[in-house]
>>> print(open('query12.txt').read())   # compact mmCIF, C-alpha atoms
# COMPACT_ATOMS: atom_id res chain seq x y z
CA MET I 170 -4.41 13.41 -31.27
CA ALA I 171 -6.52 14.72 -28.43
CA TYR I 172 -7.78 11.32 -27.27
CA LYS I 173 -4.21 10.11 -26.65
CA GLN I 174 -3.55 13.13 -24.46
CA ILE I 175 -6.59 12.28 -22.33
CA ILE I 176 -5.34 8.72 -21.87
CA GLU I 177 -1.76 9.81 -21.16
CA ALA I 178 -3.06 12.25 -18.54
CA ILE I 179 -4.48 9.48 -16.31
CA LYS I 180 -1.45 7.18 -16.46
CA PRO I 181 0.41 8.93 -13.60
CA ASP I 182 -2.69 8.62 -11.38
CA LEU I 183 -3.06 4.94 -12.22
CA GLU I 184 0.59 4.33 -11.44
CA LYS I 185 0.30 6.26 -8.18
CA ALA I 186 -2.70 4.14 -7.09
CA PHE I 187 -0.83 0.94 -7.95
CA LYS I 188 2.36 2.02 -6.15
CA PHE I 189 0.34 2.90 -3.04
CA PHE I 190 -1.30 -0.54 -3.12
CA GLU I 191 2.10 -2.16 -3.59
CA SER I 192 3.53 -0.32 -0.57
CA GLU I 193 0.50 -1.31 1.52
CA LEU I 194 1.05 -4.97 0.64
CA GLN I 195 4.71 -4.74 1.65
CA LYS I 196 3.52 -3.78 5.11
CA ALA I 197 1.30 -6.85 5.33
CA GLY I 198 2.97 -9.40 7.53
CA THR I 199 4.52 -12.59 6.32
CA SER I 200 6.60 -15.12 8.19
CA HIS I 201 9.67 -12.91 7.69
CA ALA I 202 10.44 -9.76 9.65
CA SER I 203 11.13 -6.57 7.74
CA PRO I 204 11.59 -2.94 8.83
CA VAL I 205 8.86 -2.04 6.30
CA LEU I 206 6.31 -3.61 8.66
CA VAL I 207 6.83 -0.94 11.33
CA GLU I 208 8.74 2.01 9.86
CA ASP I 209 5.64 4.07 9.06
CA ILE I 210 3.81 3.52 12.36
CA GLU I 211 2.92 6.97 13.69
CA VAL I 212 4.36 7.68 17.12
CA VAL I 213 3.07 10.55 19.24
CA CYS I 214 6.11 12.24 20.77
CA PHE I 215 6.20 15.74 22.25
CA GLU I 216 2.61 16.34 21.08
CA ASN I 217 3.61 15.69 17.44
CA LYS I 218 3.31 12.62 15.22
CA PHE I 219 6.43 11.08 13.74
CA PRO I 220 6.94 7.95 11.64
CA LEU I 221 8.84 5.37 13.67
CA LYS I 222 11.75 5.42 11.20
CA GLN I 223 12.53 9.00 12.29
CA LEU I 224 12.83 8.06 15.95
CA GLY I 225 15.25 5.16 15.86
CA ALA I 226 17.18 2.49 14.00
CA ILE I 227 15.15 -0.52 12.86
CA SER I 228 16.81 -3.88 12.17
CA CYS I 229 15.91 -7.54 11.82
CA PRO I 230 18.54 -9.72 13.53
CA GLN I 231 16.37 -12.85 13.19
CA PRO I 232 13.75 -13.87 10.59
CA ASN I 233 10.90 -13.45 13.09
CA GLN I 234 12.16 -10.48 15.09
CA ILE I 235 12.40 -6.72 14.65
CA VAL I 236 14.66 -4.62 16.87
CA ILE I 237 14.14 -0.89 17.35
CA GLN I 238 16.88 1.19 18.91
CA PRO I 239 15.46 4.67 19.65
CA TRP I 240 17.76 7.65 19.17
CA ASP I 241 16.70 8.86 22.62
CA LYS I 242 15.49 6.95 25.72
CA SER I 243 12.48 9.28 26.03
CA TYR I 244 11.08 7.74 22.83
CA MET I 245 10.80 4.23 24.31
CA GLU I 246 7.36 4.54 25.91
CA PRO I 247 5.67 6.39 23.00
CA ILE I 248 7.10 3.85 20.53
CA GLU I 249 5.87 0.96 22.66
CA LYS I 250 2.36 2.47 22.85
CA ALA I 251 2.26 3.09 19.09
CA ILE I 252 3.23 -0.51 18.36
CA LEU I 253 0.50 -1.84 20.66
CA LYS I 254 -2.10 0.37 18.95
CA SER I 255 -0.89 -0.47 15.43
CA GLY I 256 -3.00 -3.61 15.09
CA LEU I 257 -0.04 -5.66 13.87
CA GLY I 258 -0.48 -8.16 16.69
CA MET I 259 3.00 -7.53 18.07
CA SER I 260 3.99 -6.55 21.55
CA ALA I 261 7.20 -4.75 22.34
CA ILE I 262 9.64 -6.19 24.85
CA VAL I 263 11.87 -3.53 26.37
CA ASP I 264 15.45 -4.80 26.68
CA LYS I 265 17.68 -2.04 28.15
CA ASN I 266 17.92 0.58 25.36
CA ILE I 267 16.09 -1.37 22.65
CA LEU I 268 12.64 -2.73 21.87
CA ARG I 269 12.27 -6.26 20.55
CA LEU I 270 9.23 -7.20 18.52
CA ASN I 271 8.47 -10.83 17.80
CA LEU I 272 6.27 -11.53 14.81
CA PRO I 273 3.08 -13.36 15.72
CA LEU I 274 2.84 -16.94 14.56
CA LEU I 275 0.96 -17.22 11.32
CA THR I 276 -2.09 -19.04 12.59
CA LYS I 277 -4.88 -19.95 10.20
CA GLU I 278 -7.05 -17.12 11.60
CA TYR I 279 -4.23 -14.57 11.30
CA ARG I 280 -3.53 -15.62 7.69
CA GLU I 281 -7.22 -15.41 6.81
CA ALA I 282 -7.43 -11.93 8.35
CA MET I 283 -4.37 -10.80 6.38
CA ILE I 284 -5.78 -12.17 3.12
CA LYS I 285 -9.14 -10.51 3.79
CA ASN I 286 -7.41 -7.17 4.48
CA MET I 287 -5.28 -7.55 1.36
CA ASN I 288 -8.35 -8.29 -0.79
CA GLU I 289 -10.11 -5.21 0.62
CA LYS I 290 -7.12 -3.01 -0.27
CA ALA I 291 -7.01 -4.55 -3.75
CA GLU I 292 -10.69 -3.72 -4.25
CA GLN I 293 -10.15 -0.14 -3.05
CA THR I 294 -7.34 0.22 -5.59
CA ARG I 295 -9.54 -1.21 -8.35
CA GLN I 296 -12.25 1.31 -7.42
CA THR I 297 -9.72 4.15 -7.68
CA ILE I 298 -8.69 2.87 -11.10
CA ARG I 299 -12.34 2.61 -12.20
CA ARG I 300 -12.94 6.22 -11.15
CA GLN I 301 -9.94 7.28 -13.23
CA ARG I 302 -11.33 5.33 -16.20
CA GLU I 303 -14.75 6.98 -15.82
CA GLY I 304 -13.17 10.42 -15.68
CA ALA I 305 -11.12 9.77 -18.82
CA TRP I 306 -14.16 8.32 -20.63
CA ASN I 307 -16.18 11.41 -19.71
CA ASN I 308 -13.36 13.59 -21.08
CA LEU I 309 -13.36 11.58 -24.31
CA GLN I 310 -17.13 12.02 -24.68
CA ASP I 311 -16.88 15.75 -23.93
CA SER I 312 -14.12 16.11 -26.54
CA PHE I 313 -16.34 14.33 -29.07
CA ARG I 314 -19.33 16.58 -28.27
CA GLU I 315 -17.12 19.65 -28.66
CA LYS I 316 -15.92 18.26 -32.03
CA GLN I 317 -12.29 18.04 -30.88
CA ILE I 318 -12.16 14.36 -31.79
CA THR I 319 -14.07 12.16 -34.23
CA GLU I 320 -16.37 9.32 -33.25
CA ASP I 321 -13.74 6.81 -34.42
CA GLU I 322 -11.14 8.48 -32.19
CA LYS I 323 -13.56 8.42 -29.26
CA PHE I 324 -14.02 4.65 -29.56
CA ARG I 325 -10.33 4.06 -30.31
CA GLY I 326 -9.61 6.02 -27.12
CA LYS I 327 -12.15 3.93 -25.22
CA ASP I 328 -10.45 0.72 -26.40
CA GLU I 329 -6.97 1.98 -25.48
CA LEU I 330 -8.26 3.17 -22.14
CA GLN I 331 -9.76 -0.24 -21.36
CA LYS I 332 -6.53 -1.94 -22.38
CA ILE I 333 -4.55 0.16 -19.89
CA ILE I 334 -7.13 -0.44 -17.14
CA ASP I 335 -6.97 -4.20 -17.80
CA GLU I 336 -3.15 -4.08 -17.51
CA TYR I 337 -3.38 -2.43 -14.09
CA ASN I 338 -6.05 -4.86 -12.91
CA ASP I 339 -3.81 -7.75 -14.02
CA LYS I 340 -0.87 -6.23 -12.12
CA ILE I 341 -3.04 -5.99 -8.99
CA LYS I 342 -4.22 -9.58 -9.36
CA GLU I 343 -0.66 -10.83 -9.88
CA LEU I 344 0.58 -8.94 -6.81
CA VAL I 345 -2.23 -10.34 -4.65
CA GLU I 346 -1.53 -13.90 -5.81
CA ARG I 347 2.20 -13.52 -5.11
CA LYS I 348 1.51 -12.16 -1.63
CA LYS I 349 -0.98 -14.97 -0.87
CA LYS I 350 1.75 -17.50 -1.66
CA GLU I 351 4.11 -15.71 0.75
CA ILE I 352 1.49 -15.79 3.49
CA GLU I 353 0.54 -19.44 3.03
>>> encode(input="query12.txt", output="structure tokens")
Amino acid sequence: MAYKQIIEAIKPDLEKAFKFFESELQKAGTSHASPVLVEDIEVVCFENKFPLKQLGAISCPQPNQIVIQPWDKSYMEPIEKAILKSGLGMSAIVDKNILRLNLPLLTKEYREAMIKNMNEKAEQTRQTIRRQREGAWNNLQDSFREKQITEDEKFRGKDELQKIIDEYNDKIKELVERKKKEIE
């Protein structure tokens, strides 16, 4: 059935959008330190950009602290600058050959800003999913006009498509609610 192929074709894109959103939420701060918070910060070193995880070891010796041990001392200053510019609200404390990052206290304002940012990212993901739905619906209508599928198949496809979109929207909502509980 042609309409099922159209629907199957968008599933990888929907999953990709959801996984990206999920990874973005993992980076959102909570009261617990995690290497995920900083590992993808871009550091300018030797006129090139590198993710922080390629320039040193990242660990969390305490629940509110991240320690970065650069592979080379020359990386210290660029890493420190990148952390300051990251917008995470952390400052790096240089301690011999390592950088210590203390998580900011979760003040009411900081929590509200994190929730606002999370809601914006959720809406962006929903928009991506809606665009995928519109594209698939247009393909279904084109297939109907070209007599590749019947009118019943077109509407059956529309119903299945909406069901899948609703599932992804529910997954997004569930993820946002879970993350809000972590933050509060």
>>> atom_distance(input="query12.txt", atom1="CA of Ile176 (chain I)", atom2="CA of Glu193 (chain I)")
26.1 Å
>>> closest_residue(input="query12.txt", among="I:Glu246, I:Thr297, I:Val207, I:Asn308", to="Met259 (chain I)", atoms="only C-alpha atoms")
I:Val207
>>> closest_residue(input="query12.txt", among="I:Lys173, I:Lys350, I:Lys290, I:Lys327", to="Phe189 (chain I)", atoms="all atoms listed in the file")
I:Lys290
>>> atom_distance(input="query12.txt", atom1="CA of Gln238 (chain I)", atom2="CA of Val213 (chain I)")
16.7 Å
>>> atom_distance(input="query12.txt", atom1="CA of Gln231 (chain I)", atom2="CA of Lys348 (chain I)")
21.0 Å
>>> closest_residue(input="query12.txt", among="I:Glu346, I:Gln174, I:Pro204, I:Ile341", to="Gln296 (chain I)", atoms="all atoms listed in the file")
I:Ile341
>>> residues_around(input="query12.txt", residues="Lys222 (chain I)", least_positions_apart="6", cutoff="12 Å", atoms="only C-alpha atoms", output="list in words")
Pro204, Val205, Leu206, Val207, Glu208, Asp209, Ile210, Glu211, Val212, Ser228, Val236, Ile237, Gln238, Pro239, Trp240, Tyr244 and Ile248 of chain I
